[in-house]
file start-v8.cif (mmCIF, N, CA and C atoms and all ligand atoms)
data_entry
loop_
_atom_site.label_atom_id
_atom_site.label_comp_id
_atom_site.auth_asym_id
_atom_site.auth_seq_id
_atom_site.Cartn_x
_atom_site.Cartn_y
_atom_site.Cartn_z
N MET A 1 -141.47 -143.85 32.39
CA MET A 1 -140.68 -142.61 32.23
C MET A 1 -139.72 -142.46 33.42
N GLU A 2 -138.66 -143.23 33.37
CA GLU A 2 -137.75 -143.35 34.51
C GLU A 2 -137.12 -142.02 34.93
N GLU A 3 -136.79 -141.19 33.95
CA GLU A 3 -136.04 -139.97 34.26
C GLU A 3 -136.93 -138.75 34.49
N CYS A 4 -138.25 -138.97 34.49
CA CYS A 4 -139.14 -137.82 34.60
C CYS A 4 -139.41 -137.49 36.07
N ILE A 5 -139.04 -136.28 36.49
CA ILE A 5 -139.19 -135.97 37.92
C ILE A 5 -140.66 -135.95 38.35
N PHE A 6 -141.54 -135.51 37.50
CA PHE A 6 -142.94 -135.49 37.92
C PHE A 6 -143.53 -136.90 38.00
N CYS A 7 -143.07 -137.80 37.12
CA CYS A 7 -143.49 -139.20 37.26
C CYS A 7 -142.97 -139.78 38.57
N LYS A 8 -141.76 -139.37 38.95
CA LYS A 8 -141.21 -139.86 40.22
C LYS A 8 -141.99 -139.30 41.42
N VAL A 9 -142.44 -138.07 41.29
CA VAL A 9 -143.27 -137.49 42.35
C VAL A 9 -144.60 -138.25 42.41
N VAL A 10 -145.18 -138.51 41.24
CA VAL A 10 -146.47 -139.22 41.18
C VAL A 10 -146.34 -140.62 41.79
N SER A 11 -145.23 -141.31 41.49
CA SER A 11 -145.05 -142.69 41.99
C SER A 11 -144.63 -142.72 43.45
N GLY A 12 -144.19 -141.55 43.98
CA GLY A 12 -143.74 -141.51 45.37
C GLY A 12 -142.24 -141.70 45.52
N ASP A 13 -141.53 -141.93 44.40
CA ASP A 13 -140.07 -142.07 44.47
C ASP A 13 -139.41 -140.79 44.95
N ILE A 14 -140.00 -139.65 44.60
CA ILE A 14 -139.58 -138.37 45.17
C ILE A 14 -140.72 -137.94 46.09
N SER A 15 -140.39 -137.68 47.37
CA SER A 15 -141.47 -137.33 48.29
C SER A 15 -141.88 -135.87 48.08
N SER A 16 -143.14 -135.61 48.27
CA SER A 16 -143.66 -134.25 48.08
C SER A 16 -144.91 -134.09 48.92
N LYS A 17 -145.24 -132.85 49.19
CA LYS A 17 -146.49 -132.58 49.91
C LYS A 17 -147.48 -132.03 48.91
N SER A 18 -148.50 -132.83 48.59
CA SER A 18 -149.42 -132.36 47.56
C SER A 18 -150.51 -131.49 48.16
N VAL A 19 -150.99 -130.57 47.34
CA VAL A 19 -152.10 -129.69 47.73
C VAL A 19 -153.42 -130.38 47.41
N MET A 20 -153.40 -131.20 46.36
CA MET A 20 -154.58 -131.93 45.93
C MET A 20 -154.10 -133.21 45.25
N ASP A 21 -154.84 -134.29 45.44
CA ASP A 21 -154.42 -135.57 44.89
C ASP A 21 -155.67 -136.35 44.51
N THR A 22 -155.95 -136.45 43.21
CA THR A 22 -157.13 -137.20 42.76
C THR A 22 -156.65 -138.41 41.95
N ASP A 23 -157.58 -139.16 41.38
CA ASP A 23 -157.18 -140.34 40.60
C ASP A 23 -156.23 -139.97 39.46
N ASN A 24 -156.47 -138.80 38.87
CA ASN A 24 -155.74 -138.46 37.65
C ASN A 24 -154.83 -137.26 37.75
N VAL A 25 -154.95 -136.51 38.82
CA VAL A 25 -154.27 -135.21 38.89
C VAL A 25 -153.62 -135.00 40.26
N LEU A 26 -152.42 -134.42 40.20
CA LEU A 26 -151.71 -134.06 41.43
C LEU A 26 -151.42 -132.55 41.38
N VAL A 27 -151.57 -131.89 42.51
CA VAL A 27 -151.23 -130.46 42.57
C VAL A 27 -150.15 -130.27 43.61
N LEU A 28 -149.06 -129.61 43.19
CA LEU A 28 -147.95 -129.31 44.09
C LEU A 28 -147.78 -127.81 44.20
N LYS A 29 -147.14 -127.36 45.28
CA LYS A 29 -146.65 -125.98 45.32
C LYS A 29 -145.34 -125.95 44.55
N ASP A 30 -145.17 -124.96 43.69
CA ASP A 30 -143.92 -124.85 42.94
C ASP A 30 -142.77 -124.58 43.92
N ILE A 31 -141.63 -125.26 43.71
CA ILE A 31 -140.50 -125.07 44.64
C ILE A 31 -139.83 -123.70 44.47
N ALA A 32 -140.05 -123.07 43.34
CA ALA A 32 -139.47 -121.74 43.11
C ALA A 32 -140.60 -120.80 42.68
N PRO A 33 -141.46 -120.42 43.63
CA PRO A 33 -142.69 -119.70 43.26
C PRO A 33 -142.43 -118.35 42.60
N LYS A 34 -143.20 -118.07 41.56
CA LYS A 34 -143.10 -116.79 40.83
C LYS A 34 -144.23 -115.85 41.22
N ALA A 35 -145.06 -116.27 42.15
CA ALA A 35 -146.17 -115.45 42.65
C ALA A 35 -146.47 -115.96 44.07
N PRO A 36 -147.17 -115.16 44.88
CA PRO A 36 -147.49 -115.60 46.24
C PRO A 36 -148.18 -116.97 46.27
N ILE A 37 -149.03 -117.21 45.30
CA ILE A 37 -149.62 -118.56 45.15
C ILE A 37 -149.18 -119.10 43.79
N HIS A 38 -148.43 -120.17 43.82
CA HIS A 38 -147.94 -120.77 42.57
C HIS A 38 -148.02 -122.29 42.72
N TYR A 39 -149.08 -122.84 42.12
CA TYR A 39 -149.27 -124.29 42.13
C TYR A 39 -148.91 -124.85 40.77
N LEU A 40 -148.56 -126.13 40.77
CA LEU A 40 -148.38 -126.86 39.52
C LEU A 40 -149.48 -127.93 39.47
N ILE A 41 -150.27 -127.90 38.42
CA ILE A 41 -151.33 -128.90 38.21
C ILE A 41 -150.77 -129.93 37.24
N ILE A 42 -150.63 -131.15 37.73
CA ILE A 42 -149.87 -132.17 36.98
C ILE A 42 -150.75 -133.40 36.74
N PRO A 43 -150.92 -133.81 35.48
CA PRO A 43 -151.65 -135.07 35.26
C PRO A 43 -150.76 -136.23 35.70
N LYS A 44 -151.37 -137.26 36.27
CA LYS A 44 -150.55 -138.41 36.69
C LYS A 44 -150.03 -139.19 35.48
N LYS A 45 -150.77 -139.12 34.38
CA LYS A 45 -150.31 -139.76 33.14
C LYS A 45 -149.17 -138.95 32.54
N HIS A 46 -148.11 -139.63 32.13
CA HIS A 46 -147.00 -138.89 31.51
C HIS A 46 -147.38 -138.47 30.10
N LEU A 47 -147.48 -137.17 29.90
CA LEU A 47 -147.67 -136.59 28.57
C LEU A 47 -146.68 -135.45 28.50
N GLN A 48 -145.91 -135.40 27.44
CA GLN A 48 -144.82 -134.41 27.40
C GLN A 48 -145.31 -132.98 27.43
N ASP A 49 -146.24 -132.66 26.57
CA ASP A 49 -146.83 -131.31 26.55
C ASP A 49 -148.17 -131.41 25.83
N LEU A 50 -148.82 -130.27 25.61
CA LEU A 50 -150.17 -130.33 25.02
C LEU A 50 -150.16 -130.95 23.63
N ARG A 51 -149.00 -130.90 22.96
CA ARG A 51 -148.94 -131.49 21.63
C ARG A 51 -149.05 -133.01 21.67
N SER A 52 -148.86 -133.58 22.85
CA SER A 52 -148.93 -135.05 22.98
C SER A 52 -150.34 -135.55 23.27
N PHE A 53 -151.27 -134.61 23.57
CA PHE A 53 -152.62 -135.05 23.91
C PHE A 53 -153.31 -135.63 22.68
N GLU A 54 -154.10 -136.67 22.94
CA GLU A 54 -154.90 -137.27 21.88
C GLU A 54 -156.36 -137.22 22.30
N ASP A 55 -157.25 -137.67 21.42
CA ASP A 55 -158.69 -137.65 21.75
C ASP A 55 -158.98 -138.32 23.09
N ILE A 56 -158.27 -139.40 23.36
CA ILE A 56 -158.51 -140.16 24.59
C ILE A 56 -158.19 -139.33 25.84
N ASP A 57 -157.44 -138.27 25.67
CA ASP A 57 -157.04 -137.43 26.81
C ASP A 57 -157.95 -136.22 27.01
N SER A 58 -159.05 -136.16 26.25
CA SER A 58 -159.88 -134.94 26.33
C SER A 58 -160.52 -134.76 27.71
N ASN A 59 -160.94 -135.86 28.34
CA ASN A 59 -161.49 -135.72 29.69
C ASN A 59 -160.43 -135.21 30.65
N LEU A 60 -159.23 -135.71 30.50
CA LEU A 60 -158.13 -135.29 31.36
C LEU A 60 -157.86 -133.79 31.17
N ALA A 61 -157.88 -133.34 29.92
CA ALA A 61 -157.65 -131.92 29.65
C ALA A 61 -158.69 -131.07 30.39
N GLY A 62 -159.94 -131.52 30.35
CA GLY A 62 -160.98 -130.80 31.07
C GLY A 62 -160.76 -130.84 32.57
N GLU A 63 -160.34 -131.98 33.06
CA GLU A 63 -160.10 -132.13 34.50
C GLU A 63 -159.00 -131.20 34.97
N LEU A 64 -157.99 -131.03 34.16
CA LEU A 64 -156.89 -130.13 34.54
C LEU A 64 -157.41 -128.70 34.70
N LEU A 65 -158.27 -128.29 33.77
CA LEU A 65 -158.81 -126.92 33.87
C LEU A 65 -159.76 -126.79 35.06
N LEU A 66 -160.56 -127.82 35.29
CA LEU A 66 -161.48 -127.74 36.44
C LEU A 66 -160.73 -127.80 37.76
N THR A 67 -159.55 -128.39 37.75
CA THR A 67 -158.71 -128.37 38.96
C THR A 67 -158.29 -126.93 39.25
N ALA A 68 -157.98 -126.18 38.21
CA ALA A 68 -157.64 -124.76 38.41
C ALA A 68 -158.81 -124.02 39.04
N GLN A 69 -160.01 -124.30 38.55
CA GLN A 69 -161.21 -123.67 39.13
C GLN A 69 -161.33 -124.02 40.62
N LYS A 70 -161.08 -125.28 40.97
CA LYS A 70 -161.18 -125.71 42.38
C LYS A 70 -160.13 -125.01 43.24
N LEU A 71 -158.94 -124.86 42.69
CA LEU A 71 -157.87 -124.20 43.46
C LEU A 71 -158.25 -122.75 43.74
N SER A 72 -158.89 -122.12 42.77
CA SER A 72 -159.37 -120.76 43.01
C SER A 72 -160.42 -120.76 44.11
N GLU A 73 -161.36 -121.71 44.02
CA GLU A 73 -162.41 -121.80 45.06
C GLU A 73 -161.81 -121.98 46.44
N LEU A 74 -160.76 -122.80 46.54
CA LEU A 74 -160.11 -123.04 47.84
C LEU A 74 -159.46 -121.77 48.38
N ASN A 75 -159.22 -120.82 47.48
CA ASN A 75 -158.62 -119.55 47.88
C ASN A 75 -159.62 -118.41 47.73
N ASP A 76 -160.87 -118.68 48.11
CA ASP A 76 -161.94 -117.67 48.11
C ASP A 76 -162.20 -117.07 46.74
N GLY A 77 -162.04 -117.84 45.69
CA GLY A 77 -162.34 -117.36 44.34
C GLY A 77 -161.32 -116.39 43.79
N ILE A 78 -160.10 -116.55 44.23
CA ILE A 78 -159.03 -115.63 43.82
C ILE A 78 -158.86 -115.61 42.29
N PRO A 79 -158.61 -114.43 41.71
CA PRO A 79 -158.28 -114.39 40.28
C PRO A 79 -156.95 -115.07 40.04
N PHE A 80 -156.82 -115.70 38.89
CA PHE A 80 -155.59 -116.47 38.64
C PHE A 80 -155.24 -116.48 37.17
N ARG A 81 -154.01 -116.80 36.91
CA ARG A 81 -153.55 -117.02 35.53
C ARG A 81 -153.07 -118.45 35.40
N ILE A 82 -153.42 -119.08 34.28
CA ILE A 82 -152.88 -120.40 33.95
C ILE A 82 -151.87 -120.23 32.84
N LEU A 83 -150.73 -120.84 33.02
CA LEU A 83 -149.68 -120.77 32.01
C LEU A 83 -149.16 -122.18 31.74
N ILE A 84 -149.04 -122.51 30.49
CA ILE A 84 -148.50 -123.83 30.13
C ILE A 84 -147.39 -123.61 29.09
N ASN A 85 -146.18 -124.01 29.45
CA ASN A 85 -145.09 -123.97 28.49
C ASN A 85 -145.09 -125.28 27.71
N ASN A 86 -145.07 -125.16 26.41
CA ASN A 86 -145.09 -126.36 25.55
C ASN A 86 -143.88 -126.32 24.63
N GLY A 87 -142.76 -126.85 25.12
CA GLY A 87 -141.54 -126.88 24.34
C GLY A 87 -140.43 -126.09 25.02
N HIS A 88 -139.22 -126.60 24.90
CA HIS A 88 -138.06 -126.00 25.54
C HIS A 88 -137.86 -124.54 25.12
N GLU A 89 -138.13 -124.26 23.84
CA GLU A 89 -137.89 -122.93 23.29
C GLU A 89 -138.74 -121.86 23.97
N VAL A 90 -139.87 -122.27 24.52
CA VAL A 90 -140.75 -121.29 25.17
C VAL A 90 -140.70 -121.42 26.69
N GLY A 91 -139.70 -122.14 27.20
CA GLY A 91 -139.48 -122.13 28.64
C GLY A 91 -139.81 -123.41 29.38
N GLN A 92 -140.21 -124.47 28.67
CA GLN A 92 -140.53 -125.71 29.39
C GLN A 92 -139.24 -126.39 29.84
N ARG A 93 -139.14 -126.60 31.14
CA ARG A 93 -137.94 -127.23 31.70
C ARG A 93 -138.21 -128.63 32.21
N VAL A 94 -139.46 -128.92 32.53
CA VAL A 94 -139.82 -130.27 32.95
C VAL A 94 -140.73 -130.85 31.86
N ASN A 95 -140.27 -131.94 31.26
CA ASN A 95 -140.96 -132.47 30.09
C ASN A 95 -142.09 -133.43 30.45
N HIS A 96 -142.90 -132.98 31.37
CA HIS A 96 -144.14 -133.67 31.76
C HIS A 96 -145.14 -132.53 31.91
N VAL A 97 -146.14 -132.52 31.08
CA VAL A 97 -147.01 -131.34 30.99
C VAL A 97 -147.54 -130.92 32.37
N HIS A 98 -147.60 -129.62 32.59
CA HIS A 98 -148.10 -129.10 33.87
C HIS A 98 -148.65 -127.70 33.64
N LEU A 99 -149.67 -127.38 34.42
CA LEU A 99 -150.25 -126.04 34.35
C LEU A 99 -149.72 -125.23 35.53
N HIS A 100 -149.18 -124.08 35.25
CA HIS A 100 -148.81 -123.17 36.33
C HIS A 100 -150.07 -122.40 36.73
N PHE A 101 -150.42 -122.43 38.01
CA PHE A 101 -151.53 -121.65 38.55
C PHE A 101 -150.89 -120.51 39.34
N LEU A 102 -151.06 -119.30 38.86
CA LEU A 102 -150.38 -118.14 39.45
C LEU A 102 -151.43 -117.17 39.98
N ALA A 103 -151.24 -116.73 41.22
CA ALA A 103 -152.22 -115.84 41.81
C ALA A 103 -151.63 -115.13 43.02
N GLY A 104 -152.36 -114.15 43.50
CA GLY A 104 -151.99 -113.52 44.76
C GLY A 104 -151.29 -112.20 44.61
N LYS A 105 -151.10 -111.75 43.39
CA LYS A 105 -150.56 -110.41 43.17
C LYS A 105 -150.93 -109.98 41.76
N GLU A 106 -150.77 -108.70 41.48
CA GLU A 106 -151.00 -108.22 40.12
C GLU A 106 -149.92 -108.83 39.24
N LEU A 107 -150.32 -109.51 38.18
CA LEU A 107 -149.34 -110.10 37.26
C LEU A 107 -149.16 -109.16 36.08
N PRO A 108 -147.98 -109.10 35.50
CA PRO A 108 -147.79 -108.23 34.35
C PRO A 108 -148.70 -108.62 33.19
N GLU A 109 -149.25 -107.61 32.50
CA GLU A 109 -150.07 -107.91 31.34
C GLU A 109 -149.21 -108.47 30.24
N LEU A 110 -149.66 -109.54 29.60
CA LEU A 110 -148.88 -110.13 28.50
C LEU A 110 -149.34 -109.59 27.16
N PHE A 111 -150.63 -109.18 27.09
CA PHE A 111 -151.17 -108.71 25.82
C PHE A 111 -151.91 -107.40 26.02
P1 LIG A 201 -141.55 -125.23 33.32
O1 LIG A 201 -140.42 -124.29 33.14
O2 LIG A 201 -142.85 -124.73 32.74
O3 LIG A 201 -141.21 -126.62 32.83
O4 LIG A 201 -141.83 -125.33 34.87
C1 LIG A 201 -141.23 -126.24 35.71
C2 LIG A 201 -141.54 -125.79 37.12
O5 LIG A 201 -141.39 -126.89 37.99
C3 LIG A 201 -140.63 -124.68 37.63
O6 LIG A 201 -141.43 -123.56 38.01
C4 LIG A 201 -139.93 -125.33 38.84
O7 LIG A 201 -139.72 -124.42 39.88
C5 LIG A 201 -140.89 -126.43 39.22
N1 LIG A 201 -140.37 -127.61 39.87
C6 LIG A 201 -139.35 -128.40 39.46
N2 LIG A 201 -139.19 -129.46 40.29
C7 LIG A 201 -140.15 -129.36 41.25
C8 LIG A 201 -140.51 -130.13 42.40
N3 LIG A 201 -139.86 -131.26 42.74
N4 LIG A 201 -141.56 -129.71 43.15
C9 LIG A 201 -142.22 -128.58 42.84
N5 LIG A 201 -141.93 -127.81 41.78
C10 LIG A 201 -140.90 -128.18 40.99
ZN ZN A 202 -143.56 -137.90 33.56
#

call {"tool": "encode", "arguments": {"input": "start-v8.cif", "output": "structure tokens", "more": "lines below"}}
Ligand code: AMP
Ligand code: ZN
result
Amino acid sequence: MEECIFCKVVSGDISSKSVMDTDNVLVLKDIAPKAPIHYLIIPKKHLQDLRSFEDIDSNLAGELLLTAQKLSELNDGIPFRILINNGHEVGQRVNHVHLHFLAGKELPELF
């Protein structure tokens, strides 16, 4: 995925300071934070969005969620929201799936 910025971050072609780096998952601070704490949880495998996941990716899906749990633990169990945009029409701008981890202030109620 030559043109994918998150693949370039994963490969090191774009330098970044990661918050967490495991075999399968990278966590970055969002460059344009929408909350006092705004991390991006990114699988190292290129998958466009949740619609691209297959059965073989089920462990990875779980790992992404457990990464969110760990990030909360690292911040004293802070309450957080996970947001995933799946498709340009709903706001996805980087076509490599990522979980937004948002915390550190009261977030507007969506429902
Ligand atoms: P989305 O609109 O859901 O695709 O979110 C993309 C997010 O990636 C935005 O919140 C951007 O601020 C963020 N972003 C884009 N490039 C980088 C980068 N190199 N490092 C950290 N965050 C980035
Ligand atoms: Zn990618």

call {"tool": "closest_atom_pairs", "arguments": {"input": "start-v8.cif", "of": "chain A", "to": "ligand ZN 202 (chain A)", "cutoff": "6 Å", "atoms": "all atoms listed in the file", "output": "Markdown table"}}
result
| residue | atom | partner | partner_atom | distance |
| --- | --- | --- | --- | --- |
| A:Met1 | CA | A:ZN202 | ZN | 5.7 |
| A:Cys4 | CA | A:ZN202 | ZN | 4.5 |
| A:Ile5 | N | A:ZN202 | ZN | 5.6 |
| A:Phe6 | C | A:ZN202 | ZN | 4.6 |
| A:Cys7 | N | A:ZN202 | ZN | 3.6 |
| A:Lys8 | N | A:ZN202 | ZN | 5.9 |
| A:Lys45 | C | A:ZN202 | ZN | 5.8 |
| A:His46 | CA | A:ZN202 | ZN | 4.1 |
| A:Leu47 | N | A:ZN202 | ZN | 5.4 |
| A:Asn95 | C | A:ZN202 | ZN | 5.6 |
| A:His96 | CA | A:ZN202 | ZN | 4.6 |

call {"tool": "closest_residue", "arguments": {"input": "start-v8.cif", "among": "A:Glu109, A:Glu54, A:Asp30, A:Asp76", "to": "ligand LIG 201 (chain A)", "atoms": "only C-alpha atoms and all ligand atoms"}}
result
A:Asp30

call {"tool": "residues_near_ligand", "arguments": {"input": "start-v8.cif", "ligand": "ligand LIG 201 (chain A)", "cutoff": "12 Å", "atoms": "only C-alpha atoms and all ligand atoms", "output": "VMD selection string"}}
result
chain A and resid 4 to 10 12 to 19 26 to 35 37 to 42 48 to 49 82 to 102

call {"tool": "atom_distance", "arguments": {"input": "start-v8.cif", "atom1": "atom CA of Asp23 of chain A", "atom2": "atom C of Thr67 of chain A"}}
result
13.5 Å

call {"tool": "select_by_dssp", "arguments": {"input": "start-v8.cif", "residues": "chain A", "states": "alpha helix (DSSP H)", "output": "list in words"}}
result
Ile5, Phe6, Cys7, Lys8, Val9, Val10, Ser11, Ser58, Asn59, Leu60, Ala61, Gly62, Glu63, Leu64, Leu65, Leu66, Thr67, Ala68, Gln69, Lys70, Leu71, Ser72, Glu73 and Leu74 of chain A

call {"tool": "atom_distance", "arguments": {"input": "start-v8.cif", "atom1": "atom C of Leu110 of chain A", "atom2": "atom CA of Leu64 of chain A"}}
result
23.1 Å

call {"tool": "atom_distance", "arguments": {"input": "start-v8.cif", "atom1": "atom N of Ser52 of chain A", "atom2": "atom CA of Arg81 of chain A"}}
result
21.4 Å

call {"tool": "closest_residue", "arguments": {"input": "start-v8.cif", "among": "A:Pro43, A:Lys70, A:Pro36, A:Met20", "to": "Ala103 of chain A", "atoms": "all atoms listed in the file"}}
result
A:Pro36

call {"tool": "select_by_dssp", "arguments": {"input": "start-v8.cif", "residues": "chain A", "states": "strand (DSSP E)", "output": "list in words"}}
result
Ser18, Val19, Met20, Asp21, Val25, Leu26, Val27, Leu28, Lys29, Ile37, His38, Tyr39, Leu40, Ile41, Ile42, Pro43, Phe80, Arg81, Ile82, Leu83, Leu99, His100, Phe101, Leu102 and Ala103 of chain A

call {"tool": "axis_aligned_box", "arguments": {"input": "start-v8.cif", "around": "segment 105-108 of chain A", "padding_each_side": "5 Å", "output": "lines of an AutoDock Vina configuration file"}}
result
center_x = -149.4
center_y = -110.0
center_z = 38.3
size_x = 13.3
size_y = 13.5
size_z = 20.2

call {"tool": "build_atoms", "arguments": {"input": "start-v8.cif", "residues": "segment 96-111 of chain A", "atoms": "N, CA, C and O atoms", "output": "PDB file, in the coordinates of the input"}}
result
ATOM      1  N   HIS A  96    -142.900-132.980  31.370  1.00  0.00           N
ATOM      2  CA  HIS A  96    -144.140-133.670  31.760  1.00  0.00           C
ATOM      3  C   HIS A  96    -145.140-132.530  31.910  1.00  0.00           C
ATOM      4  O   HIS A  96    -144.947-131.665  32.780  1.00  0.00           O
ATOM      5  N   VAL A  97    -146.140-132.520  31.080  1.00  0.00           N
ATOM      6  CA  VAL A  97    -147.010-131.340  30.990  1.00  0.00           C
ATOM      7  C   VAL A  97    -147.540-130.920  32.370  1.00  0.00           C
ATOM      8  O   VAL A  97    -147.849-131.756  33.225  1.00  0.00           O
ATOM      9  N   HIS A  98    -147.600-129.620  32.590  1.00  0.00           N
ATOM     10  CA  HIS A  98    -148.100-129.100  33.870  1.00  0.00           C
ATOM     11  C   HIS A  98    -148.650-127.700  33.640  1.00  0.00           C
ATOM     12  O   HIS A  98    -148.152-126.960  32.798  1.00  0.00           O
ATOM     13  N   LEU A  99    -149.670-127.380  34.420  1.00  0.00           N
ATOM     14  CA  LEU A  99    -150.250-126.040  34.350  1.00  0.00           C
ATOM     15  C   LEU A  99    -149.720-125.230  35.530  1.00  0.00           C
ATOM     16  O   LEU A  99    -149.822-125.677  36.683  1.00  0.00           O
ATOM     17  N   HIS A 100    -149.180-124.080  35.250  1.00  0.00           N
ATOM     18  CA  HIS A 100    -148.810-123.170  36.330  1.00  0.00           C
ATOM     19  C   HIS A 100    -150.070-122.400  36.730  1.00  0.00           C
ATOM     20  O   HIS A 100    -150.712-121.782  35.873  1.00  0.00           O
ATOM     21  N   PHE A 101    -150.420-122.430  38.010  1.00  0.00           N
ATOM     22  CA  PHE A 101    -151.530-121.650  38.550  1.00  0.00           C
ATOM     23  C   PHE A 101    -150.890-120.510  39.340  1.00  0.00           C
ATOM     24  O   PHE A 101    -150.213-120.757  40.349  1.00  0.00           O
ATOM     25  N   LEU A 102    -151.060-119.300  38.860  1.00  0.00           N
ATOM     26  CA  LEU A 102    -150.380-118.140  39.450  1.00  0.00           C
ATOM     27  C   LEU A 102    -151.430-117.170  39.980  1.00  0.00           C
ATOM     28  O   LEU A 102    -152.372-116.799  39.256  1.00  0.00           O
ATOM     29  N   ALA A 103    -151.240-116.730  41.220  1.00  0.00           N
ATOM     30  CA  ALA A 103    -152.220-115.840  41.810  1.00  0.00           C
ATOM     31  C   ALA A 103    -151.630-115.130  43.020  1.00  0.00           C
ATOM     32  O   ALA A 103    -150.524-115.434  43.464  1.00  0.00           O
ATOM     33  N   GLY A 104    -152.360-114.150  43.500  1.00  0.00           N
ATOM     34  CA  GLY A 104    -151.990-113.520  44.760  1.00  0.00           C
ATOM     35  C   GLY A 104    -151.290-112.200  44.610  1.00  0.00           C
ATOM     36  O   GLY A 104    -150.911-111.591  45.602  1.00  0.00           O
ATOM     37  N   LYS A 105    -151.100-111.750  43.390  1.00  0.00           N
ATOM     38  CA  LYS A 105    -150.560-110.410  43.170  1.00  0.00           C
ATOM     39  C   LYS A 105    -150.930-109.980  41.760  1.00  0.00           C
ATOM     40  O   LYS A 105    -151.356-110.801  40.942  1.00  0.00           O
ATOM     41  N   GLU A 106    -150.770-108.700  41.480  1.00  0.00           N
ATOM     42  CA  GLU A 106    -151.000-108.220  40.120  1.00  0.00           C
ATOM     43  C   GLU A 106    -149.920-108.830  39.240  1.00  0.00           C
ATOM     44  O   GLU A 106    -148.726-108.673  39.512  1.00  0.00           O
ATOM     45  N   LEU A 107    -150.320-109.510  38.180  1.00  0.00           N
ATOM     46  CA  LEU A 107    -149.340-110.100  37.260  1.00  0.00           C
ATOM     47  C   LEU A 107    -149.160-109.160  36.080  1.00  0.00           C
ATOM     48  O   LEU A 107    -150.116-108.462  35.692  1.00  0.00           O
ATOM     49  N   PRO A 108    -147.980-109.100  35.500  1.00  0.00           N
ATOM     50  CA  PRO A 108    -147.790-108.230  34.350  1.00  0.00           C
ATOM     51  C   PRO A 108    -148.700-108.620  33.190  1.00  0.00           C
ATOM     52  O   PRO A 108    -148.907-109.807  32.963  1.00  0.00           O
ATOM     53  N   GLU A 109    -149.250-107.610  32.500  1.00  0.00           N
ATOM     54  CA  GLU A 109    -150.070-107.910  31.340  1.00  0.00           C
ATOM     55  C   GLU A 109    -149.210-108.470  30.240  1.00  0.00           C
ATOM     56  O   GLU A 109    -148.119-107.928  29.966  1.00  0.00           O
ATOM     57  N   LEU A 110    -149.660-109.540  29.600  1.00  0.00           N
ATOM     58  CA  LEU A 110    -148.880-110.130  28.500  1.00  0.00           C
ATOM     59  C   LEU A 110    -149.340-109.590  27.160  1.00  0.00           C
ATOM     60  O   LEU A 110    -148.579-109.524  26.216  1.00  0.00           O
ATOM     61  N   PHE A 111    -150.630-109.180  27.090  1.00  0.00           N
ATOM     62  CA  PHE A 111    -151.170-108.710  25.820  1.00  0.00           C
ATOM     63  C   PHE A 111    -151.910-107.400  26.020  1.00  0.00           C
ATOM     64  O   PHE A 111    -152.408-107.146  27.088  1.00  0.00           O
TER      65      PHE A 111
END
